[in-house]
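> Sharing data-v8.cif here; it has mmCIF, C-alpha atoms and all ligand atoms.
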```cif
data_entry
#
loop_
_atom_site.label_atom_id
_atom_site.label_comp_id
_atom_site.auth_asym_id
_atom_site.auth_seq_id
_atom_site.Cartn_x
_atom_site.Cartn_y
_atom_site.Cartn_z
CA MET A 1 -8.81 6.67 -13.27
CA SER A 2 -11.57 4.26 -12.26
CA ILE A 3 -10.85 1.52 -9.76
CA GLU A 4 -12.54 -1.83 -10.12
CA ILE A 5 -13.60 -3.49 -6.87
CA ASP A 6 -14.55 -7.17 -6.99
CA VAL A 7 -16.52 -8.98 -4.30
CA LEU A 8 -16.06 -12.68 -4.96
CA ASN A 9 -16.67 -16.08 -3.43
CA GLY A 10 -14.06 -16.69 -0.72
CA ASP A 11 -12.95 -20.17 -1.77
CA SER A 12 -12.79 -19.64 -5.51
CA SER A 13 -10.93 -16.33 -5.15
CA TRP A 14 -8.36 -17.78 -2.71
CA PRO A 15 -5.75 -18.43 -5.47
CA ARG A 16 -5.87 -14.68 -6.31
CA ALA A 17 -5.67 -13.63 -2.67
CA GLU A 18 -3.01 -16.06 -1.44
CA PRO A 19 0.14 -14.41 -2.94
CA LEU A 20 -0.82 -11.01 -1.47
CA LEU A 21 -1.61 -12.41 1.98
CA GLU A 22 1.61 -14.45 1.97
CA ALA A 23 3.60 -11.32 1.01
CA VAL A 24 2.00 -9.19 3.74
CA TRP A 25 2.09 -11.95 6.38
CA PRO A 26 4.95 -14.34 5.45
CA HIS A 27 4.56 -17.69 7.16
CA GLU A 28 7.99 -17.57 8.83
CA VAL A 29 7.20 -14.11 10.29
CA VAL A 30 3.67 -14.95 11.45
CA GLU A 31 4.66 -18.15 13.25
CA LYS A 32 6.86 -16.09 15.60
CA LEU A 33 4.09 -13.62 16.48
CA SER A 34 1.91 -13.94 19.59
CA TRP A 35 -1.08 -14.81 17.37
CA GLY A 36 0.89 -17.03 14.98
CA HIS A 37 -0.68 -20.19 16.42
CA VAL A 38 -4.31 -19.07 15.91
CA LYS A 39 -6.45 -21.14 13.55
CA TRP A 40 -8.53 -18.71 11.48
CA ALA A 41 -11.81 -19.16 9.62
CA HIS A 42 -11.87 -19.05 5.82
CA ALA A 43 -13.49 -15.98 4.29
CA ASP A 44 -16.98 -16.42 2.83
CA LEU A 45 -16.40 -13.55 0.39
CA ARG A 46 -13.36 -11.45 -0.54
CA VAL A 47 -13.09 -7.85 -1.68
CA LEU A 48 -10.27 -7.61 -4.21
CA ILE A 49 -8.68 -4.60 -5.87
CA ASP A 50 -6.07 -5.06 -8.60
CA ALA A 51 -2.93 -2.94 -8.85
CA PRO A 52 -3.24 0.12 -11.09
CA GLU A 53 -1.50 0.23 -14.46
CA ASP A 54 1.28 2.47 -13.11
CA ALA A 55 2.19 0.02 -10.31
CA GLU A 56 5.58 -1.74 -10.23
CA ARG A 57 3.91 -4.98 -11.33
CA PRO A 58 0.42 -6.31 -12.01
CA GLY A 59 -1.54 -8.50 -9.60
CA LEU A 60 -3.69 -7.99 -6.57
CA ALA A 61 -3.17 -4.73 -4.62
CA CYS A 62 -5.65 -5.05 -1.79
CA HIS A 63 -7.70 -7.72 -0.01
CA VAL A 64 -10.45 -7.71 2.61
CA GLY A 65 -12.09 -10.96 3.75
CA ILE A 66 -15.80 -11.03 4.63
CA TYR A 67 -17.35 -13.53 7.06
CA PHE A 68 -20.94 -14.31 8.03
CA ARG A 69 -21.52 -15.87 11.42
CA THR A 70 -24.40 -16.73 13.72
CA ALA A 71 -22.79 -15.87 17.04
CA THR A 72 -24.15 -15.02 20.49
CA TRP A 73 -24.01 -11.73 22.38
CA ASP A 74 -24.82 -12.19 26.07
CA SER A 75 -26.22 -15.63 25.22
CA ARG A 76 -28.63 -14.32 22.55
CA LYS A 77 -28.16 -15.36 18.95
CA VAL A 78 -26.99 -12.57 16.69
CA GLN A 79 -25.84 -12.41 13.08
CA ILE A 80 -22.39 -10.86 12.88
CA GLY A 81 -20.53 -9.71 9.81
CA GLY A 82 -16.80 -10.33 10.06
CA ILE A 83 -13.97 -8.47 8.40
CA GLY A 84 -10.46 -9.89 8.29
CA GLY A 85 -7.25 -10.20 6.31
CA VAL A 86 -7.22 -6.47 5.56
CA SER A 87 -4.06 -6.00 3.53
CA THR A 88 -2.58 -3.80 0.86
CA ARG A 89 0.59 -4.64 -1.07
CA ASN A 90 3.54 -2.55 0.09
CA ASP A 91 3.97 -0.59 -3.15
CA CYS A 92 0.23 0.21 -3.35
CA ARG A 93 -0.26 1.62 0.15
CA GLY A 94 -1.50 5.12 0.92
CA ARG A 95 -3.74 5.28 -2.16
CA GLY A 96 -6.97 4.67 -0.26
CA TYR A 97 -7.35 1.06 -1.39
CA ALA A 98 -7.88 -0.45 2.08
CA THR A 99 -10.44 2.27 2.83
CA LEU A 100 -12.27 1.53 -0.43
CA ALA A 101 -12.18 -2.22 0.18
CA LEU A 102 -13.39 -1.81 3.78
CA ASN A 103 -16.26 0.38 2.60
CA ALA A 104 -17.20 -2.22 -0.02
CA ALA A 105 -17.11 -4.93 2.66
CA ILE A 106 -19.34 -2.87 4.97
CA ARG A 107 -21.78 -2.22 2.11
CA THR A 108 -21.87 -5.95 1.33
CA LEU A 109 -22.58 -6.83 4.96
CA ARG A 110 -25.26 -4.13 5.24
CA ASP A 111 -27.02 -5.68 2.23
CA HIS A 112 -27.71 -8.66 4.50
CA GLU A 113 -30.42 -7.25 6.74
CA ALA A 114 -29.98 -9.95 9.38
CA VAL A 115 -26.43 -8.74 10.11
CA ARG A 116 -26.61 -6.54 13.24
CA PHE A 117 -23.02 -5.30 13.38
CA ALA A 118 -19.58 -5.98 11.93
CA MET A 119 -16.57 -7.12 13.88
CA LEU A 120 -12.82 -7.34 13.29
CA PHE A 121 -9.72 -8.09 15.33
CA CYS A 122 -6.58 -6.02 15.09
CA GLU A 123 -3.17 -5.42 16.57
CA PRO A 124 -2.55 -2.30 18.69
CA HIS A 125 -0.67 -0.48 15.93
CA ASN A 126 -3.73 -0.62 13.66
CA GLU A 127 -6.34 0.54 16.16
CA ALA A 128 -6.04 4.21 15.11
CA PHE A 129 -6.53 3.18 11.46
CA TYR A 130 -9.89 1.57 12.25
CA GLU A 131 -11.00 4.20 14.76
CA ALA A 132 -10.49 6.82 12.03
CA ARG A 133 -12.85 4.77 9.86
CA GLY A 134 -15.73 4.58 12.32
CA TRP A 135 -14.89 1.39 14.21
CA HIS A 136 -15.31 1.19 18.02
CA ALA A 137 -13.44 -0.88 20.57
CA PHE A 138 -15.50 -3.71 22.05
CA LYS A 139 -14.63 -3.75 25.76
CA GLY A 140 -16.28 -7.05 26.65
CA GLU A 141 -15.09 -10.63 26.36
CA VAL A 142 -14.84 -12.63 23.15
CA TYR A 143 -14.88 -16.41 22.93
CA ALA A 144 -14.08 -18.54 19.90
CA GLU A 145 -13.40 -22.09 18.83
CA GLN A 146 -9.89 -23.43 18.35
CA PRO A 147 -8.79 -27.02 17.67
CA GLU A 148 -8.35 -27.55 21.44
CA GLY A 149 -11.90 -26.30 22.18
CA ARG A 150 -13.66 -23.09 23.19
CA ILE A 151 -11.26 -20.39 24.34
CA ARG A 152 -11.39 -16.78 25.46
CA PHE A 153 -10.04 -14.99 22.37
CA GLU A 154 -7.54 -12.34 23.41
CA ALA A 155 -4.96 -12.63 20.63
CA MET A 156 -6.08 -9.30 19.16
CA ALA A 157 -8.34 -6.41 20.12
CA PRO A 158 -12.00 -6.68 19.03
CA TYR A 159 -13.51 -3.75 17.12
CA VAL A 160 -17.11 -3.31 16.04
CA PHE A 161 -18.87 -1.33 13.32
CA ASP A 162 -22.44 -0.47 14.26
CA PHE A 163 -25.41 -1.38 12.06
CA THR A 164 -28.66 -1.86 13.98
CA ARG A 165 -26.84 -2.87 17.19
CA LYS A 166 -24.00 -1.03 18.93
CA PRO A 167 -22.19 -3.55 21.08
CA ARG A 168 -19.54 -2.16 23.41
CA ASP A 169 -19.63 -4.61 26.31
CA GLY A 170 -20.81 -8.04 27.35
CA ILE A 171 -19.83 -11.46 26.06
CA ILE A 172 -19.64 -12.28 22.38
CA ASP A 173 -19.18 -15.92 21.47
CA LEU A 174 -18.15 -16.26 17.83
CA CYS A 175 -19.45 -19.87 17.89
CA GLY A 176 -16.68 -20.91 15.54
CA LEU A 177 -13.16 -20.03 14.45
CA PRO A 178 -12.13 -16.37 14.68
CA TRP A 179 -11.35 -14.27 11.60
C1 LIG B 201 -3.17 -1.09 7.20
C2 LIG B 201 -3.18 -1.21 5.68
C3 LIG B 201 -4.19 -2.28 5.28
C4 LIG B 201 -3.58 0.14 5.07
O1 LIG B 201 -3.72 -0.02 3.68
P1 LIG B 201 -3.74 1.24 2.67
O2 LIG B 201 -4.31 0.75 1.39
O3 LIG B 201 -2.43 1.91 2.64
O4 LIG B 201 -4.80 2.17 3.43
P2 LIG B 201 -5.48 3.50 2.85
O5 LIG B 201 -4.67 3.99 1.69
O6 LIG B 201 -6.92 3.28 2.66
O7 LIG B 201 -5.32 4.46 4.10
C5 LIG B 201 -4.06 4.96 4.37
C6 LIG B 201 -4.17 5.94 5.49
O8 LIG B 201 -4.22 5.21 6.72
C7 LIG B 201 -3.12 5.60 7.50
N1 LIG B 201 -2.63 4.41 8.19
C8 LIG B 201 -2.11 3.31 7.65
N2 LIG B 201 -1.78 2.45 8.63
C9 LIG B 201 -2.12 3.03 9.79
C10 LIG B 201 -2.03 2.65 11.15
N3 LIG B 201 -1.51 1.47 11.50
N4 LIG B 201 -2.49 3.50 12.11
C11 LIG B 201 -3.03 4.68 11.76
N5 LIG B 201 -3.13 5.12 10.48
C12 LIG B 201 -2.68 4.29 9.52
C13 LIG B 201 -2.09 6.13 6.54
O9 LIG B 201 -1.22 7.00 7.19
C14 LIG B 201 -2.98 6.84 5.54
O10 LIG B 201 -3.40 8.08 6.07
P3 LIG B 201 -3.81 9.31 5.08
O11 LIG B 201 -4.98 8.82 4.26
O12 LIG B 201 -4.18 10.38 6.03
O13 LIG B 201 -2.60 9.53 4.27
C15 LIG B 201 -1.79 -1.58 5.12
O14 LIG B 201 -0.83 -0.70 5.68
C16 LIG B 201 -1.36 -3.02 5.39
O15 LIG B 201 -1.62 -3.91 4.61
N6 LIG B 201 -0.67 -3.25 6.51
C17 LIG B 201 -0.14 -4.58 6.85
C18 LIG B 201 -1.23 -5.55 7.17
C19 LIG B 201 -2.09 -5.10 8.32
O16 LIG B 201 -1.60 -4.73 9.40
N7 LIG B 201 -3.42 -5.13 8.10
C20 LIG B 201 -4.40 -4.82 9.10
C21 LIG B 201 -4.89 -6.09 9.70
S1 LIG B 201 -6.05 -5.83 11.01
#
```
Represent the structure contained in this file as structure tokens.


Amino acid sequence: MSIEIDVLNGDSSWPRAEPLLEAVWPHEVVEKLSWGHVKWAHADLRVLIDAPEDAERPGLACHVGIYFRTATWDSRKVQIGGIGGVSTRNDCRGRGYATLALNAAIRTLRDHEAVRFAMLFCEPHNEAFYEARGWHAFKGEVYAEQPEGRIRFEAMAPYVFDFTRKPRDGIIDLCGLPW
């Protein structure tokens, strides 16, 4: 059975993505989490995979947000590709959808030659998932914008996926909202 993977504009595909993201991260649950207060960037692009015909119900099965950002690494400008909002509907998990969507996101970012590496932020229980897919912990400091100003961003652990650069340490300033 073939699986269709869409990579669409982030804003126009938001209505398709929203019900899945709300189901995976319900507002009333998120607001009680340590990172529930964080203001996140909007995705520039979204990878979307629909549920297969044999699923309990139709609709979106999997989402990965893609972000493009001119950031700094140790005070030098660098183009970063961001990945965020990785989520698969409960009844569609374990079928490889998140892996497929992540791979599609990485391919999309690689198509932009200026992008030097990809970056995501995850909770401790997901670190093994990303490490198994080639991501590396970034041990340095990350800064980002929030409504109150520039902050050290420690709400989640930073992970990087190497393209032409392999950052492991130093200071990365996202120069904008985190994702
Ligand atoms: C994490 C998540 C996206 C995985 O989606 P998925 O479509 O089931 O992922 P895949 O089918 O591609 O991969 C599943 C594999 O990853 C493993 N896996 C899933 N979550 C894992 C975790 N937290 N740690 C380690 N391995 C994990 C599964 O055991 C499975 O292994 P197998 O292939 O050896 O059977 C999904 O569980 C989810 O939406 N979780 C809630 C939201 C979330 O935490 N997202 C991550 C945000 S950073």

> Name the residues in contact with A:Leu60 at a cut-off of 10 Å, using all atoms listed in the file, excluding same-chain residues fewer than 4 positions from it; report them as a VMD selection string.

chain A and resid 16 to 21 48 to 52 88 to 89 92

> Keeping only C-alpha atoms, write those residues as a JSON list (two decimals), in the frame of the given file.


```json
[["chain", "number", "residue", "atom", "x", "y", "z"],
["A", 16, "ARG", "CA", -5.87, -14.68, -6.31],
["A", 17, "ALA", "CA", -5.67, -13.63, -2.67],
["A", 18, "GLU", "CA", -3.01, -16.06, -1.44],
["A", 19, "PRO", "CA", 0.14, -14.41, -2.94],
["A", 20, "LEU", "CA", -0.82, -11.01, -1.47],
["A", 21, "LEU", "CA", -1.61, -12.41, 1.98],
["A", 48, "LEU", "CA", -10.27, -7.61, -4.21],
["A", 49, "ILE", "CA", -8.68, -4.60, -5.87],
["A", 50, "ASP", "CA", -6.07, -5.06, -8.60],
["A", 51, "ALA", "CA", -2.93, -2.94, -8.85],
["A", 52, "PRO", "CA", -3.24, 0.12, -11.09],
["A", 88, "THR", "CA", -2.58, -3.80, 0.86],
["A", 89, "ARG", "CA", 0.59, -4.64, -1.07],
["A", 92, "CYS", "CA", 0.23, 0.21, -3.35]]
```

> Distance atom CA of A:Trp135-atom O7 of ligand LIG 201 (chain B), one decimal place?

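Taking atom CA of A:Trp135 and atom O7 of ligand LIG 201 (chain B), their separation equals 14.3 Å.
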
> Which one of A:His27, A:Lys77, A:Arg95, A:Arg152 sits closest to ligand LIG 201 (chain B) if you count only C-alpha atoms and all ligand atoms?

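Smallest separation from ligand LIG 201 (chain B) among the options: A:Arg95.
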
> Go through A:Gly81, A:Asp111, A:Ile106, A:Ile5 and flag the residue nearest A:Ala61, using all atoms listed in the file for the distances.

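Looking at the shortest contact to A:Ala61, the residue is A:Ile5.
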
> Enumerate, in order of chain and increasing residue number, the residues of chain A with an atom no farther than 6 Å from ligand LIG 201 (chain B), each with its shortest atom pair and distance in Å to one decimal, counting all atoms listed in the file, as CSV.


```
residue,atom,partner,partner_atom,distance
A:Val24,CA,B:LIG201,C18,6.0
A:Gly85,CA,B:LIG201,C21,5.8
A:Val86,CA,B:LIG201,N7,4.8
A:Ser87,CA,B:LIG201,O15,3.4
A:Thr88,CA,B:LIG201,O15,3.9
A:Arg93,CA,B:LIG201,O3,3.3
A:Gly94,CA,B:LIG201,O5,3.5
A:Arg95,CA,B:LIG201,O5,4.2
A:Gly96,CA,B:LIG201,O5,3.1
A:Tyr97,CA,B:LIG201,O2,4.1
A:Ala98,CA,B:LIG201,O2,3.8
A:Thr99,CA,B:LIG201,O6,3.7
A:Cys122,CA,B:LIG201,S1,4.1
A:His125,CA,B:LIG201,N3,4.9
A:Asn126,CA,B:LIG201,N3,3.7
A:Ala128,CA,B:LIG201,C11,4.5
A:Phe129,CA,B:LIG201,C11,3.8
```

> Please provide the set of residues having any atom within 10 Å of stretch 29-34 of chain A, restricted to only C-alpha atoms, with same-chain residues fewer than 5 positions apart removed, written as a PyMOL selection string.

chain A and resi 22+24+155-156

> In Å, rounded to a single decimal, give me how far atom CA of A:Arg110 is from atom CA of A:Asp173.

21.0 Å

> Pick from A:Pro147, A:Gly134, A:Gly176, A:Pro158: nearest to A:Met119, with only C-alpha atoms counted?

A:Pro158

> Rank A:Lys39, A:Glu53, A:Gly59, A:Ala144 by their smallest atom-to-atom distance to A:Pro15, using all atoms listed in the file, and report the top residue only.

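Of A:Lys39, A:Glu53, A:Gly59, A:Ala144, the one nearest A:Pro15 is A:Gly59, counting all atoms listed in the file.
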
> Let me make sure I understand: among A:Asp162, A:Val47, A:Ile83, A:Arg69, which one has the smallest atom-to-atom distance to A:Ala104 if we use all atoms listed in the file?

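Closest to A:Ala104, using all atoms listed in the file: A:Val47.
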
> Which of these, A:Ala132, A:Ala43, A:Ile151, A:Ile80, has the shortest distance to A:Leu8 once you count all atoms listed in the file?

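Among the listed residues, A:Ala43 lies closest to A:Leu8.
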
> Just to confirm, what's the straight-line distance from atom CA of A:Phe138 to atom CA of A:Pro167 in Å (one decimal)?

6.8 Å

> Fewer than 6 positions away in the same chain doesn't count, so skip those; otherwise give me all residues within 12 Å of A:Thr108, counting all atoms listed in the file, as a count of residues only.

20

> Under the rule of at most 8 Å, produce a per-residue listing of stretch 144-179 of chain A near stretch 72-76 of chain A: chain, number, name, the closest pair of atoms, and the distance in Å, as CSV, using all atoms listed in the file.


```
residue,atom,partner,partner_atom,distance
A:Gly170,CA,A:Asp74,CA,5.9
A:Ile171,CA,A:Asp74,CA,5.0
A:Ile172,CA,A:Trp73,CA,4.4
A:Asp173,CA,A:Thr72,CA,5.1
A:Leu174,CA,A:Thr72,CA,6.7
A:Cys175,CA,A:Thr72,CA,7.2
```

> Tell me which protein, DNA and RNA residues are within 8 Å of A:His42, counting all atoms listed in the file, leaving out same-chain ones fewer than 3 positions away, and put them as a list in words.

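Non-adjacent residues within range: Gly10, Asp11, Tyr67 and Trp179 of chain A.
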
> Would you save the residues from that selection as a PDB file, keeping the file's coordinate frame, using C-alpha atoms?


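Okay, part_36.pdb is ready:
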```pdb
ATOM      1  CA  GLY A  10     -14.060 -16.690  -0.720  1.00  0.00           C
ATOM      2  CA  ASP A  11     -12.950 -20.170  -1.770  1.00  0.00           C
ATOM      3  CA  TYR A  67     -17.350 -13.530   7.060  1.00  0.00           C
ATOM      4  CA  TRP A 179     -11.350 -14.270  11.600  1.00  0.00           C
TER       5      TRP A 179
END
```

> Quick one: residues within 10 Å of A:Lys166, all atoms listed in the file, excluding same-chain residues fewer than 2 positions away - as a list in words?

Arg116, Phe117, Ala118, His136, Phe138, Val160, Phe161, Asp162, Phe163, Thr164, Arg168 and Asp169 of chain A
